[in-house]
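> Encoded as structure tokens, here's the structure I'll be asking about.
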Amino acid sequence: MTLSAIRPPSFPWFPYEGFTFCLGLAEGETAWTSGHTAASHDPAIGKMTVGGSMEQQARTAYEKVLTILAGAGLGPGDVTRITENVTLAGLPEYEAAAAVRRELFGEHQPTLRTVVVDRLVRRAALLEVELHAVAGGGKELRAASEARDAGTWAASPVREGHDGAVYLPTMIPVDASGEVVAPGDFVGQYRYCLEQADVLLRQAGLSLDDAVTTYDYSTPETRSVYRKTHRVRKELLGGAGVYPGAGGILMSRLHHPGQLVAIDVTASRHPLELVNPGWSRYDTLTYAPGVRAGRTLYMSGFAALDMETQEALHPDDIGAQAEATYGAILHLLKHEGLDATHLLETTEYCVESALPDYRAVAAVRERLLSPPWPASTGAICAGLLRPEFLLEVFPTALYPEEG
């Protein structure tokens, strides 16, 4: 069985052929959507437009992704994880989007990830929604609490989805009373988020030893001290012999005033296998370029880095950076006997200063990737951990079924 692009019988918001991403991918009774905002094509002006209140935008964005799921024969009750990218402009109105989500999903509660982003590609967009789904909705490993748990942004279950993937809600450094922990202490907040993630995983019968990715979002002021997280990661992660993939993105602010970090953790039921095509730089790091768990290849964030010299490449050219970034991803895939057709998802973070030239990335994707095209999401950030980087990509791939 292979990945195939989802093509709903009707998708009135825009003509979706001709892009270097698909609306969503399906394999059997499993589906992954790209991230979608409320944007639609206005034939009167020949452009994509987006507008309206947070509630209106949330309804449209969810209608789009649920229409895509329906094209794969799935519905709201099959969703295992929701990712909501909410902008700084939309954050004060976020409860309106949450109310729409609760209305649409009713008693079925997927795991919820909420990523605060500086903005989306379309400036007026307040919210972007991405779904993972499997027939039956996967398995709830830990129910959502009546009140928000310590260390999480919203009440959310821990849920197992496709291929043993175990999703946690976004972890933030806020205690059960709503107070930010370790004020002003980035490393202390980072530790708290990972420790609380371990609490949730242990309640689901796993631990941080089973983590396959830890994607963190911090603020520009943390860049100078970010390296100090190495000791925390070395202590808390990699206990089974394999560090997870990782990525770090800088946003102007996060969910709460005084919050310096948020971390999204994914774990797996399967044994973990390190995937490294021979890049020695990872020998001393607390993250892996790739982790195989079951049929899924989870990867770290990639940017335009020379893997031998550690030099940041093409500092002022996002197109050339995209070429180097996707080249490294494809090199890792080739090492595993895979190619671009096995790419399941890509999440691109573009630095706001490079947004005027972001179109150059699509040309690179068109040249290096191929149909059915990965499910893709893009957001705009304040910066990346290396100030020379303009683009970072979080990729995931799927191995073909054996036999």
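Residue numbering restarts at 1 in every chain; chains get A, B, ... in the order shown in the structure tokens, and ligands count up from 1 in that same order.
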Quick one: residues within 7 Å of A:Met307, only C-alpha atoms, excluding same-chain residues fewer than 2 positions away - as a PDB file with C-alpha atoms, in the first residue's frame?

ATOM      1  CA  TRP A 279      27.006  12.714   9.839  1.00  0.00           C
ATOM      2  CA  ARG A 281      28.190  16.100  14.074  1.00  0.00           C
ATOM      3  CA  LEU A 305      24.036  23.572   7.277  1.00  0.00           C
ATOM      4  CA  THR A 309      32.144  22.110   8.878  1.00  0.00           C
ATOM      5  CA  GLN A 310      28.991  23.231  10.766  1.00  0.00           C
TER       6      GLN A 310
END
> Could you pull the residues within 7 Å of A:Ala97, counting only C-alpha atoms, minus those fewer than 4 positions along the same chain, as a list in words?
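Contacts, in chain order: Met54, Glu55, Ala58 and Arg101 of chain A.
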> Using only C-alpha atoms, determine which residues lie at most 12 Å from A:Thr80, disregarding the query and same-chain residues fewer than 2 positions distant; provide the list as a VMD selection string.
chain A and resid 30 to 33 74 to 78 82 to 83 105 108 to 113 130 to 141 156 to 169
> As a PyMOL selection string, please: every residue in stretch 338-396 of chain A that DSSP puts in strand (DSSP E or B).
chain A and resi 343-351+375-381+383-384+391-396
> What's the 6 Å shell around stretch 341-356 of chain A, counting only C-alpha atoms, without same-chain residues fewer than 2 positions away, as a PyMOL selection string?
chain A and resi 339+358+374-383+390-398
> Write down as a ChimeraX atom specification the residues of stretch 137-320 of chain A whose backbone DSSP state falls under alpha helix (DSSP H).
/A:186-203,229-236,318-320
> Of the candidates A:Pro372, A:Gly205, A:Leu237, A:Ala144, which shows the shortest atom-to-atom distance to A:Arg7, using only C-alpha atoms?
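Smallest separation from A:Arg7 among the options: A:Pro372.
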> Report the distance between atom CA of A:Tyr287 and atom CA of A:Ala324 in Å, rounded to one decimal place.
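That distance, rounded to one decimal, is 20.1 Å.
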> Could you tell me which of A:Val50, A:Val129, A:Val65, A:Ile263 comes closest to A:Glu84 if we count only C-alpha atoms?
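Looking only at the distances to A:Glu84, the closest residue turns out to be A:Val129.
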> For atom CA of A:Met251 and atom CA of A:Leu385, determine how far apart the two atoms are, in Å to one decimal place.
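These two atoms are separated by 10.8 Å.
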> What is the atom CA of A:Gly52 to atom CA of A:Tyr16 distance in Å?
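Distance reported for this atom pair: 22.3 Å.
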> Env of stretch 292-300 of chain A: 7 Å cut, atoms = only C-alpha atoms, seq-sep filter 4 positions within chain, self excluded. Answer as a ChimeraX atom specification.
/A:163,212-213,245-247,268,270-275,288,394-399
> From the set A:His331, A:Arg269, A:Arg386, A:His41, which residue has the shortest atom-to-atom contact distance to A:Tyr226, counting only C-alpha atoms?
A:Arg386
